[in-house]
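Trainee: The following file, my_file-v2.txt, comprises compact mmCIF, C-alpha atoms:
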# COMPACT_ATOMS: atom_id res chain seq x y z
CA MET A 1 132.72 -197.59 17.17
CA ALA A 2 129.82 -199.66 18.45
CA GLN A 3 130.54 -203.33 19.11
CA ARG A 4 127.67 -204.31 16.82
CA THR A 5 129.10 -202.43 13.81
CA ILE A 6 132.51 -203.96 14.39
CA GLU A 7 131.02 -207.43 14.57
CA ILE A 8 129.25 -206.90 11.26
CA ILE A 9 132.40 -205.56 9.58
CA VAL A 10 134.48 -208.47 10.89
CA GLY A 11 131.77 -210.85 9.69
CA LEU A 12 131.98 -209.33 6.21
CA PHE A 13 135.77 -209.67 6.39
CA MET A 14 135.53 -213.38 7.16
CA ILE A 15 132.95 -213.84 4.39
CA ALA A 16 135.35 -212.12 1.98
CA GLY A 17 138.02 -214.60 3.05
CA LEU A 18 135.71 -217.56 2.44
CA ALA A 19 134.69 -216.14 -0.92
CA ALA A 20 138.39 -215.82 -1.80
CA LEU A 21 138.97 -219.46 -0.87
CA LEU A 22 135.98 -220.47 -2.96
CA PHE A 23 137.28 -218.45 -5.92
CA LEU A 24 140.71 -220.07 -5.62
CA ALA A 25 139.12 -223.50 -5.43
CA LEU A 26 136.65 -223.15 -8.30
CA GLN A 27 138.14 -220.65 -10.72
CA VAL A 28 141.90 -220.96 -10.17
CA SER A 29 142.37 -224.65 -9.41
CA GLY A 30 139.36 -225.72 -11.44
CA LEU A 31 137.86 -227.90 -8.73
CA SER A 32 134.42 -228.60 -10.11
CA PRO A 33 131.57 -229.14 -7.68
CA LYS A 34 129.81 -231.61 -9.94
CA ALA A 35 130.24 -235.28 -9.13
CA ALA A 36 133.04 -237.13 -10.89
CA GLU A 37 131.93 -238.43 -14.27
CA GLU A 38 131.29 -242.14 -14.81
CA THR A 39 134.30 -243.74 -16.45
CA TYR A 40 135.49 -247.08 -17.77
CA THR A 41 139.05 -248.34 -17.95
CA LEU A 42 141.07 -249.12 -21.08
CA TYR A 43 144.67 -250.29 -21.27
CA ALA A 44 147.50 -249.70 -23.71
CA ASN A 45 151.02 -251.14 -23.84
CA PHE A 46 153.87 -248.88 -24.92
CA ASN A 47 157.56 -249.55 -25.53
CA ASP A 48 158.44 -246.11 -24.22
CA THR A 49 156.11 -243.74 -22.35
CA GLY A 50 158.66 -240.90 -22.27
CA GLY A 51 157.43 -238.15 -19.98
CA LEU A 52 153.86 -239.40 -19.63
CA ARG A 53 152.47 -238.86 -16.12
CA PRO A 54 149.45 -240.13 -14.20
CA ARG A 55 146.62 -237.52 -14.22
CA GLY A 56 147.65 -236.57 -17.74
CA ARG A 57 144.89 -236.30 -20.32
CA VAL A 58 143.61 -238.66 -22.95
CA SER A 59 142.17 -236.94 -25.97
CA MET A 60 140.48 -237.72 -29.23
CA ALA A 61 140.52 -235.17 -32.04
CA GLY A 62 141.88 -232.68 -29.50
CA VAL A 63 138.97 -233.08 -27.10
CA THR A 64 139.76 -234.48 -23.64
CA ILE A 65 137.84 -237.71 -23.15
CA GLY A 66 139.62 -239.11 -20.09
CA THR A 67 142.66 -239.17 -17.82
CA ILE A 68 145.64 -241.44 -17.29
CA ASP A 69 145.19 -243.52 -14.14
CA SER A 70 148.46 -245.33 -13.71
CA ILE A 71 151.61 -246.31 -15.56
CA THR A 72 153.15 -249.61 -14.54
CA LEU A 73 155.78 -251.94 -15.96
CA ASP A 74 154.64 -255.28 -17.35
CA LYS A 75 157.36 -257.63 -16.09
CA ASP A 76 156.79 -260.26 -18.78
CA THR A 77 156.96 -258.11 -21.89
CA PHE A 78 159.07 -255.26 -20.41
CA GLN A 79 156.56 -252.79 -21.75
CA ALA A 80 154.81 -249.98 -19.93
CA ARG A 81 151.13 -250.67 -19.25
CA VAL A 82 149.03 -247.52 -19.09
CA ALA A 83 145.57 -247.58 -17.55
CA MET A 84 143.21 -244.83 -18.71
CA SER A 85 139.80 -243.79 -17.39
CA ILE A 86 137.62 -242.86 -20.34
CA HIS A 87 134.37 -240.95 -19.87
CA ALA A 88 131.44 -243.32 -20.03
CA SER A 89 129.72 -241.05 -22.56
CA VAL A 90 132.42 -241.96 -25.11
CA ASP A 91 131.50 -245.63 -25.41
CA ASN A 92 131.99 -246.18 -29.14
CA ILE A 93 135.76 -246.11 -29.65
CA PRO A 94 136.39 -248.50 -32.59
CA ALA A 95 138.34 -251.60 -31.55
CA ASP A 96 141.15 -251.01 -34.05
CA SER A 97 141.87 -247.45 -32.84
CA ALA A 98 145.48 -246.61 -31.96
CA ALA A 99 146.80 -244.95 -28.78
CA VAL A 100 149.55 -242.48 -29.65
CA ILE A 101 151.71 -240.52 -27.21
CA ARG A 102 152.00 -236.91 -28.33
CA THR A 103 153.47 -233.71 -26.96
CA SER A 104 151.43 -230.53 -26.82
CA GLY A 105 153.61 -227.82 -28.28
CA LEU A 106 157.39 -227.98 -28.27
CA LEU A 107 157.90 -228.04 -24.50
CA GLY A 108 154.42 -228.96 -23.34
CA GLU A 109 153.20 -231.96 -21.41
CA GLN A 110 152.74 -235.35 -23.04
CA TYR A 111 149.30 -236.87 -23.51
CA ILE A 112 147.67 -239.83 -25.17
CA ASP A 113 145.86 -239.17 -28.41
CA ILE A 114 143.47 -241.78 -29.75
CA SER A 115 143.50 -242.11 -33.53
CA VAL A 116 140.14 -243.43 -34.55
CA GLY A 117 139.97 -246.64 -36.51
CA GLY A 118 137.19 -248.01 -38.73
CA ASP A 119 136.11 -251.17 -36.94
CA LEU A 120 132.42 -251.63 -36.19
CA GLU A 121 133.24 -253.31 -32.86
CA SER A 122 133.99 -250.88 -30.02
CA LEU A 123 136.31 -251.18 -27.01
CA LYS A 124 134.75 -252.31 -23.72
CA ASP A 125 135.79 -251.83 -20.11
CA GLY A 126 139.12 -253.60 -19.46
CA ASP A 127 140.09 -253.90 -23.15
CA THR A 128 143.59 -253.18 -24.41
CA PHE A 129 144.48 -251.10 -27.44
CA TYR A 130 145.87 -253.36 -30.15
CA SER A 131 148.10 -250.79 -31.84
CA THR A 132 150.08 -248.14 -30.01
CA GLN A 133 152.76 -245.64 -30.91
CA SER A 134 155.37 -244.75 -28.30
CA ALA A 135 156.63 -241.32 -27.36
CA MET A 136 158.87 -239.68 -29.93
CA ASN A 137 162.34 -239.57 -28.43
CA LEU A 138 164.26 -236.72 -29.96
CA GLU A 139 167.67 -238.05 -28.90
CA ARG A 140 167.02 -241.47 -30.42
CA LEU A 141 165.72 -239.82 -33.58
CA ILE A 142 168.90 -237.75 -33.91
CA GLY A 143 170.99 -240.82 -33.06
CA ASN A 144 169.32 -242.86 -35.80
CA PHE A 145 169.72 -240.04 -38.26
CA ALA A 146 173.41 -239.57 -37.42
CA SER A 147 174.21 -243.27 -37.74
CA GLY A 148 172.43 -243.33 -41.08
CA ARG A 149 169.74 -245.88 -40.15
CA MET B 1 189.89 -209.57 25.54
CA LEU B 2 188.43 -211.44 28.46
CA ASP B 3 185.81 -208.74 28.78
CA ARG B 4 184.72 -209.29 25.21
CA ILE B 5 184.35 -213.02 25.66
CA ALA B 6 182.34 -212.36 28.79
CA ALA B 7 180.13 -209.90 26.89
CA LEU B 8 179.59 -212.50 24.15
CA GLY B 9 178.55 -215.02 26.77
CA ARG B 10 176.18 -212.53 28.40
CA LEU B 11 174.63 -211.74 25.03
CA THR B 12 174.10 -215.43 24.25
CA LEU B 13 172.56 -216.01 27.64
CA ALA B 14 170.29 -213.00 27.16
CA VAL B 15 169.10 -214.33 23.78
CA VAL B 16 168.46 -217.80 25.19
CA ALA B 17 166.68 -216.34 28.22
CA SER B 18 164.52 -214.21 25.93
CA LEU B 19 163.59 -217.27 23.87
CA GLY B 20 162.71 -219.09 27.07
CA ARG B 21 160.57 -216.19 28.29
CA SER B 22 158.75 -216.04 24.95
CA GLY B 23 158.01 -219.77 25.17
CA ARG B 24 156.65 -219.46 28.71
CA PHE B 25 154.70 -216.40 27.61
CA LEU B 26 153.16 -218.33 24.72
CA ALA B 27 152.25 -221.22 26.99
CA GLY B 28 150.64 -218.75 29.40
CA VAL B 29 148.61 -217.12 26.62
CA LEU B 30 147.47 -220.40 25.08
CA ALA B 31 146.58 -221.90 28.46
CA GLY B 32 144.60 -218.86 29.55
CA VAL B 33 141.67 -219.12 27.16
CA PRO B 34 139.17 -216.44 28.19
CA SER B 35 135.55 -217.45 28.66
CA PRO B 36 133.57 -217.13 25.41
CA SER B 37 131.23 -214.43 26.72
CA THR B 38 134.00 -211.94 27.58
CA GLY B 39 136.64 -213.20 25.17
CA PHE B 40 134.66 -213.19 21.94
CA PRO B 41 133.87 -209.45 21.77
CA LEU B 42 137.52 -208.71 22.54
CA LEU B 43 138.60 -211.09 19.78
CA VAL B 44 136.22 -209.53 17.25
CA ARG B 45 137.51 -206.06 18.12
CA GLN B 46 141.09 -207.22 17.59
CA ILE B 47 140.31 -208.95 14.29
CA TYR B 48 138.88 -205.65 13.20
CA ALA B 49 142.04 -203.75 14.23
CA VAL B 50 144.47 -206.33 12.87
CA GLY B 51 142.63 -207.74 9.88
CA VAL B 52 140.02 -205.38 8.50
CA LEU B 53 142.21 -202.31 8.83
CA SER B 54 145.05 -204.11 7.00
CA LEU B 55 142.72 -204.89 4.12
CA ALA B 56 143.44 -201.71 2.16
CA ILE B 57 147.20 -202.17 1.98
CA VAL B 58 146.82 -205.90 1.23
CA VAL B 59 144.34 -205.34 -1.59
CA VAL B 60 146.35 -202.54 -3.20
CA SER B 61 149.66 -204.44 -3.01
CA GLY B 62 148.00 -207.61 -4.27
CA LEU B 63 146.59 -205.79 -7.26
CA PHE B 64 149.92 -204.24 -8.19
CA ILE B 65 151.93 -207.42 -7.63
CA GLY B 66 149.50 -209.34 -9.83
CA MET B 67 149.77 -206.67 -12.53
CA VAL B 68 153.58 -206.70 -12.38
CA LEU B 69 153.58 -210.50 -12.59
CA GLY B 70 151.34 -210.24 -15.64
CA LEU B 71 153.64 -207.75 -17.37
CA GLN B 72 156.89 -209.53 -16.50
CA GLY B 73 155.48 -212.94 -17.32
CA TYR B 74 154.20 -211.71 -20.67
CA THR B 75 157.53 -210.20 -21.74
CA ILE B 76 159.43 -213.37 -20.76
CA LEU B 77 156.95 -215.95 -22.03
CA THR B 78 156.26 -214.17 -25.30
CA ASP B 79 159.87 -214.94 -26.31
CA TYR B 80 158.91 -218.62 -26.35
CA GLY B 81 155.54 -217.98 -27.92
CA SER B 82 153.82 -219.40 -24.87
CA GLU B 83 152.25 -216.29 -23.36
CA ALA B 84 149.09 -218.32 -22.76
CA ALA B 85 150.93 -219.93 -19.84
CA ILE B 86 150.86 -216.55 -18.09
CA GLY B 87 147.78 -217.53 -16.07
CA GLN B 88 149.49 -220.62 -14.75
CA MET B 89 152.59 -218.63 -13.81
CA ILE B 90 150.66 -215.87 -12.03
CA ALA B 91 148.41 -218.26 -10.12
CA LEU B 92 151.19 -220.59 -8.99
CA THR B 93 153.52 -217.79 -7.85
CA LEU B 94 150.73 -216.03 -5.99
CA VAL B 95 149.08 -219.02 -4.37
CA ARG B 96 152.26 -220.81 -3.39
CA GLU B 97 154.67 -218.02 -2.52
CA LEU B 98 153.83 -214.38 -2.89
CA GLY B 99 150.36 -214.54 -1.33
CA PRO B 100 151.45 -215.88 2.06
CA VAL B 101 154.91 -214.26 2.16
CA VAL B 102 154.14 -210.73 1.01
CA THR B 103 150.97 -210.62 3.10
CA ALA B 104 152.97 -211.73 6.14
CA LEU B 105 155.58 -209.02 5.51
CA LEU B 106 152.87 -206.38 5.10
CA PHE B 107 151.08 -207.76 8.13
CA ALA B 108 154.25 -207.50 10.24
CA GLY B 109 154.75 -203.91 9.13
CA ARG B 110 151.16 -202.77 9.34
CA ALA B 111 149.63 -204.75 12.22
CA GLY B 112 152.57 -206.28 14.10
CA SER B 113 154.27 -202.97 14.78
CA ALA B 114 150.97 -201.48 15.96
CA LEU B 115 150.41 -204.39 18.34
CA THR B 116 153.90 -204.03 19.81
CA ALA B 117 153.59 -200.29 20.26
CA GLU B 118 150.15 -200.60 21.85
CA ILE B 119 151.14 -203.29 24.34
CA GLY B 120 154.48 -201.60 25.02
CA LEU B 121 152.73 -198.34 25.85
CA MET B 122 150.30 -200.20 28.09
CA LYS B 123 153.29 -201.60 29.90
CA ALA B 124 155.10 -198.24 30.09
CA THR B 125 152.03 -196.49 31.51
CA GLU B 126 151.60 -199.40 33.95
CA GLN B 127 148.16 -200.34 32.68
CA LEU B 128 149.23 -203.98 32.62
CA SER B 129 150.39 -203.94 36.24
CA SER B 130 147.23 -202.14 37.38
CA MET B 131 145.19 -204.84 35.66
CA GLU B 132 147.09 -207.41 37.65
CA MET B 133 146.35 -205.40 40.83
CA MET B 134 142.65 -205.56 40.02
CA GLY B 135 142.90 -209.31 39.63
CA VAL B 136 142.55 -209.29 35.82
CA ASP B 137 145.13 -211.42 34.02
CA PRO B 138 146.60 -209.19 31.29
CA LEU B 139 147.70 -212.27 29.36
CA ARG B 140 144.05 -213.27 29.01
CA ARG B 141 142.51 -209.87 28.70
CA VAL B 142 145.04 -208.07 26.47
CA ILE B 143 147.46 -210.52 24.89
CA ALA B 144 145.38 -213.61 24.04
CA PRO B 145 142.77 -211.82 21.86
CA ARG B 146 145.54 -210.08 19.91
CA LEU B 147 147.45 -213.30 19.32
CA TRP B 148 144.36 -215.18 18.17
CA ALA B 149 143.27 -212.26 16.01
CA GLY B 150 146.57 -212.33 14.12
CA PHE B 151 146.30 -216.10 13.78
CA ILE B 152 142.80 -215.84 12.28
CA ALA B 153 143.19 -212.71 10.18
CA MET B 154 146.41 -213.64 8.40
CA PRO B 155 145.10 -216.57 6.27
CA VAL B 156 142.05 -214.52 5.31
CA LEU B 157 144.26 -211.62 4.21
CA ALA B 158 146.55 -213.97 2.26
CA LEU B 159 143.59 -215.52 0.43
CA ILE B 160 142.24 -212.09 -0.48
CA PHE B 161 145.73 -211.06 -1.62
CA SER B 162 145.99 -214.08 -3.95
CA VAL B 163 142.57 -213.51 -5.46
CA VAL B 164 143.16 -209.80 -6.06
CA GLY B 165 146.58 -210.65 -7.51
CA VAL B 166 145.11 -213.16 -9.97
CA TRP B 167 142.52 -210.61 -10.95
CA GLY B 168 145.23 -207.93 -11.46
CA GLY B 169 147.23 -210.35 -13.58
CA MET B 170 144.16 -211.03 -15.68
CA LEU B 171 143.57 -207.30 -16.04
CA VAL B 172 147.03 -206.84 -17.56
CA GLY B 173 147.36 -210.16 -19.37
CA VAL B 174 143.91 -210.55 -20.87
CA ASP B 175 142.39 -207.09 -21.05
CA TRP B 176 145.51 -205.13 -21.86
CA LEU B 177 148.04 -207.44 -23.57
CA GLY B 178 145.43 -209.56 -25.28
CA VAL B 179 146.11 -213.10 -24.07
CA TYR B 180 143.12 -215.27 -24.93
CA GLU B 181 140.95 -215.50 -21.82
CA GLY B 182 140.05 -219.16 -22.30
CA SER B 183 143.67 -220.32 -22.36
CA PHE B 184 144.50 -217.98 -19.47
CA TRP B 185 142.01 -219.73 -17.18
CA GLY B 186 142.40 -223.16 -18.79
CA ASN B 187 146.18 -223.28 -18.30
CA MET B 188 145.71 -222.07 -14.75
CA GLN B 189 143.09 -224.64 -13.89
CA SER B 190 145.00 -227.54 -15.37
CA SER B 191 148.17 -226.74 -13.44
CA VAL B 192 146.93 -225.47 -10.07
CA ASP B 193 145.89 -228.22 -7.69
CA PHE B 194 143.55 -227.33 -4.84
CA MET B 195 145.13 -229.47 -2.12
CA ASP B 196 148.77 -229.23 -3.22
CA ASP B 197 148.90 -225.55 -4.09
CA VAL B 198 146.00 -223.63 -2.54
CA MET B 199 145.85 -225.50 0.76
CA ASN B 200 149.64 -225.51 1.17
CA GLY B 201 149.55 -221.74 0.71
CA VAL B 202 146.86 -221.52 3.38
CA ILE B 203 148.94 -223.65 5.76
CA LYS B 204 151.90 -221.35 5.14
CA SER B 205 149.86 -218.25 5.91
CA VAL B 206 148.48 -219.82 9.09
CA VAL B 207 152.03 -220.49 10.28
CA PHE B 208 153.18 -217.00 9.32
CA GLY B 209 150.19 -215.40 11.03
CA PHE B 210 150.91 -217.27 14.22
CA VAL B 211 154.62 -216.40 14.18
CA CYS B 212 154.07 -212.72 13.34
CA ALA B 213 151.41 -212.26 16.03
CA TRP B 214 153.51 -214.11 18.60
CA ILE B 215 156.61 -212.00 17.91
CA ALA B 216 154.57 -208.78 17.95
CA VAL B 217 152.77 -209.37 21.26
CA TYR B 218 155.86 -210.84 22.92
CA GLN B 219 158.04 -207.88 21.92
CA GLY B 220 155.42 -205.51 23.30
CA TYR B 221 155.01 -207.45 26.51
CA ASP B 222 158.75 -207.85 27.07
CA CYS B 223 159.87 -204.35 26.09
CA VAL B 224 161.80 -201.94 28.31
CA PRO B 225 159.02 -199.62 29.55
CA THR B 226 160.49 -196.38 28.23
CA SER B 227 159.87 -194.50 24.99
CA ALA B 228 163.25 -195.69 23.66
CA GLY B 229 162.38 -199.25 24.72
CA ILE B 230 159.06 -199.16 22.87
CA SER B 231 160.66 -197.84 19.72
CA SER B 232 163.36 -200.52 19.74
CA ALA B 233 160.74 -203.20 20.46
CA THR B 234 158.70 -202.03 17.46
CA THR B 235 161.77 -202.17 15.25
CA LYS B 236 162.59 -205.64 16.53
CA THR B 237 159.06 -206.82 15.77
CA VAL B 238 159.30 -205.85 12.12
CA VAL B 239 162.86 -207.17 11.69
CA TYR B 240 162.35 -210.46 13.51
CA SER B 241 158.95 -211.11 11.89
CA SER B 242 160.32 -210.50 8.40
CA LEU B 243 163.34 -212.74 9.00
CA ALA B 244 161.21 -215.45 10.60
CA VAL B 245 158.73 -215.36 7.71
CA LEU B 246 161.40 -215.58 5.02
CA GLY B 247 163.32 -218.31 6.84
CA LEU B 248 160.21 -220.35 7.65
CA ASP B 249 159.04 -219.92 4.07
CA PHE B 250 162.14 -221.72 2.82
CA VAL B 251 161.68 -224.53 5.33
CA LEU B 252 157.97 -224.92 4.58
CA THR B 253 158.56 -224.81 0.82
CA ALA B 254 161.26 -227.47 1.12
CA VAL B 255 158.89 -229.68 3.10
CA MET B 256 155.83 -229.10 0.89
CA PHE B 257 157.22 -228.92 -2.63
CA GLY B 258 160.70 -230.39 -2.24
CA ASP B 259 159.84 -234.04 -2.88
CA PHE B 260 162.04 -234.49 -5.92
In structure tokens, what does this structure look like?

Mentor:
Amino acid sequence: MAQRTIEIIVGLFMIAGLAALLFLALQVSGLSPKAAEETYTLYANFNDTGGLRPRGRVSMAGVTIGTIDSITLDKDTFQARVAMSIHASVDNIPADSAAVIRTSGLLGEQYIDISVGGDLESLKDGDTFYSTQSAMNLERLIGNFASGR
Amino acid sequence: MLDRIAALGRLTLAVVASLGRSGRFLAGVLAGVPSPSTGFPLLVRQIYAVGVLSLAIVVVSGLFIGMVLGLQGYTILTDYGSEAAIGQMIALTLVRELGPVVTALLFAGRAGSALTAEIGLMKATEQLSSMEMMGVDPLRRVIAPRLWAGFIAMPVLALIFSVVGVWGGMLVGVDWLGVYEGSFWGNMQSSVDFMDDVMNGVIKSVVFGFVCAWIAVYQGYDCVPTSAGISSATTKTVVYSSLAVLGLDFVLTAVMFGDF
């Protein structure tokens, strides 16, 4: 076969490889080409974060409105301090809203759900949620039930 | 008894000497980079022989492996009512493991054996020694393009394999078994990470491509120049490549994903 034809076929082959990489990046791993959305940070203190992980999602009414940045221990109160990046477009979360740790499905990952409050004031960058509800711990629940408390 | 111990020693020495020769051979090939004007057309021709011609078997196996993953995953996951996680399962298995490993095994069988047989026959018919007589370095002219071609073609083939596999899994899972398409892709996208999963798979396939091509060209170059020698060298290529790929896969997986 002529060298030229082979070069073209090999070129197509390499393009197919690049297209495959692009497909894996965009469609399979969901890497979006658009610039990262503007966010602001909110904090919440929990007694028990259970299986919550950084990069987990923060949702409101089932819609993802942000991600969990970091989970650290507050040495003074012995509580877990969770930092969340909330999309800047959601800038009217009422100040008395509660952050609740929930599990998606029976075996699914844990995420933070924000139950909306009724306050007219809204949370600003760097604010902390006043009321939180920790992860439901099945073993403790069964333990409490068994000991009759 | 003494004879046997002596034979064992000879065998060990032969294996070590062969490893040493392959290392020197590799150094010779990598050092002797041909000039771009003569080397590039040779490289393109070899990528065609090694990569493009392997495309058919890779695409067909990728499609069927993806479809089988879809079927198996559905029957297992549907017991837990979580068949929507099928996309995540298919993508992770393909991108992390099956893509690089199965492609490398197919590559060793399809392209590696052909490389060994070709170079072995060149050696048996004394084409390599006549090249040396003419002042052409066979390592540069014959071996280097083949080694580089395997090195370049293998990641491309593995990527295509993964994509076709995901598509085959979607064909079975979504179109046939009726998993909701949105949760198929959504689960997949939320669990597959580009750097941790896709790029680690690419790194694996680069390593496998290098090892497979190295074993194939070395076995051809080092074979006993008879018809029996060529046939045993071809067998060795496939066996050693497969073992090396599976063994290296464990090591690489432990390094990449084993940070518990």

Trainee: Quick one: of A:Asn45, A:Asp119, A:Thr103, A:Gly50, who's nearest to Ala83 of chain A, counting only C-alpha atoms?

Mentor: A:Asn45

Trainee: Measuring atom to atom with only C-alpha atoms, identify which of A:Val58, A:Phe46, A:Ser29, A:Arg102 is nearest to Thr77 of chain A.

Mentor: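 Among the listed residues, the smallest separation from Thr77 of chain A belongs to A:Phe46.
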
Trainee: Using only C-alpha atoms, which of the listed residues (B:Leu106, B:Met67, B:Ala17, B:Leu55) sits closest to Asp222 of chain B?

Mentor: B:Ala17

Trainee: With a cut-off of 8 Å and counting only C-alpha atoms, select all residues of chain A in contact with chain B and give the selection as a PyMOL selection string.

Mentor: chain A and resi 3+6-7+9-10+13-14+16-18+20-21+23-25+27-31

Trainee: Could you save those same residues with C-alpha atoms as a PDB file, in the frame of the given file?

Mentor:
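File result37.pdb, as written:
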ATOM      1  CA  GLN A   3     130.540-203.330  19.110  1.00  0.00           C
ATOM      2  CA  ILE A   6     132.510-203.960  14.390  1.00  0.00           C
ATOM      3  CA  GLU A   7     131.020-207.430  14.570  1.00  0.00           C
ATOM      4  CA  ILE A   9     132.400-205.560   9.580  1.00  0.00           C
ATOM      5  CA  VAL A  10     134.480-208.470  10.890  1.00  0.00           C
ATOM      6  CA  PHE A  13     135.770-209.670   6.390  1.00  0.00           C
ATOM      7  CA  MET A  14     135.530-213.380   7.160  1.00  0.00           C
ATOM      8  CA  ALA A  16     135.350-212.120   1.980  1.00  0.00           C
ATOM      9  CA  GLY A  17     138.020-214.600   3.050  1.00  0.00           C
ATOM     10  CA  LEU A  18     135.710-217.560   2.440  1.00  0.00           C
ATOM     11  CA  ALA A  20     138.390-215.820  -1.800  1.00  0.00           C
ATOM     12  CA  LEU A  21     138.970-219.460  -0.870  1.00  0.00           C
ATOM     13  CA  PHE A  23     137.280-218.450  -5.920  1.00  0.00           C
ATOM     14  CA  LEU A  24     140.710-220.070  -5.620  1.00  0.00           C
ATOM     15  CA  ALA A  25     139.120-223.500  -5.430  1.00  0.00           C
ATOM     16  CA  GLN A  27     138.140-220.650 -10.720  1.00  0.00           C
ATOM     17  CA  VAL A  28     141.900-220.960 -10.170  1.00  0.00           C
ATOM     18  CA  SER A  29     142.370-224.650  -9.410  1.00  0.00           C
ATOM     19  CA  GLY A  30     139.360-225.720 -11.440  1.00  0.00           C
ATOM     20  CA  LEU A  31     137.860-227.900  -8.730  1.00  0.00           C
TER      21      LEU A  31
END

Trainee: Of the candidates B:Pro145, B:Gly209, B:Gly258, B:Gly81, which shows the shortest atom-to-atom distance to Leu105 of chain B, using all atoms listed in the file?

Mentor: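 Nearest to Leu105 of chain B: B:Gly209.
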
Trainee: Please, could N, CA and C atoms be added to segment 79-92 of chain B and the result written as a compact mmCIF listing (two decimals), keeping the file's coordinate frame?

Mentor:
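File written: out.txt
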# COMPACT_ATOMS: atom_id res chain seq x y z
N ASP B 79 158.68 -214.52 -25.57
CA ASP B 79 159.87 -214.94 -26.31
C ASP B 79 159.75 -216.38 -26.78
N TYR B 80 159.06 -217.22 -25.99
CA TYR B 80 158.91 -218.62 -26.35
C TYR B 80 157.56 -218.87 -27.01
N GLY B 81 156.83 -217.82 -27.29
CA GLY B 81 155.54 -217.98 -27.92
C GLY B 81 154.52 -218.67 -27.04
N SER B 82 154.75 -218.69 -25.73
CA SER B 82 153.82 -219.40 -24.87
C SER B 82 153.21 -218.46 -23.84
N GLU B 83 152.79 -217.26 -24.31
CA GLU B 83 152.25 -216.29 -23.36
C GLU B 83 150.91 -216.73 -22.78
N ALA B 84 150.34 -217.81 -23.35
CA ALA B 84 149.09 -218.32 -22.76
C ALA B 84 149.34 -218.95 -21.39
N ALA B 85 150.61 -219.31 -21.13
CA ALA B 85 150.93 -219.93 -19.84
C ALA B 85 151.02 -218.89 -18.73
N ILE B 86 150.73 -217.64 -19.06
CA ILE B 86 150.86 -216.55 -18.09
C ILE B 86 149.93 -216.76 -16.89
N GLY B 87 148.73 -217.32 -17.16
CA GLY B 87 147.78 -217.53 -16.07
C GLY B 87 148.32 -218.52 -15.07
N GLN B 88 148.89 -219.60 -15.60
CA GLN B 88 149.49 -220.62 -14.75
C GLN B 88 150.61 -220.02 -13.91
N MET B 89 151.47 -219.21 -14.54
CA MET B 89 152.59 -218.63 -13.81
C MET B 89 152.10 -217.71 -12.70
N ILE B 90 151.16 -216.83 -13.02
CA ILE B 90 150.66 -215.87 -12.03
C ILE B 90 150.01 -216.62 -10.86
N ALA B 91 149.16 -217.58 -11.19
CA ALA B 91 148.41 -218.26 -10.12
C ALA B 91 149.35 -219.04 -9.21
N LEU B 92 150.31 -219.78 -9.82
CA LEU B 92 151.19 -220.59 -8.99
C LEU B 92 152.08 -219.72 -8.11
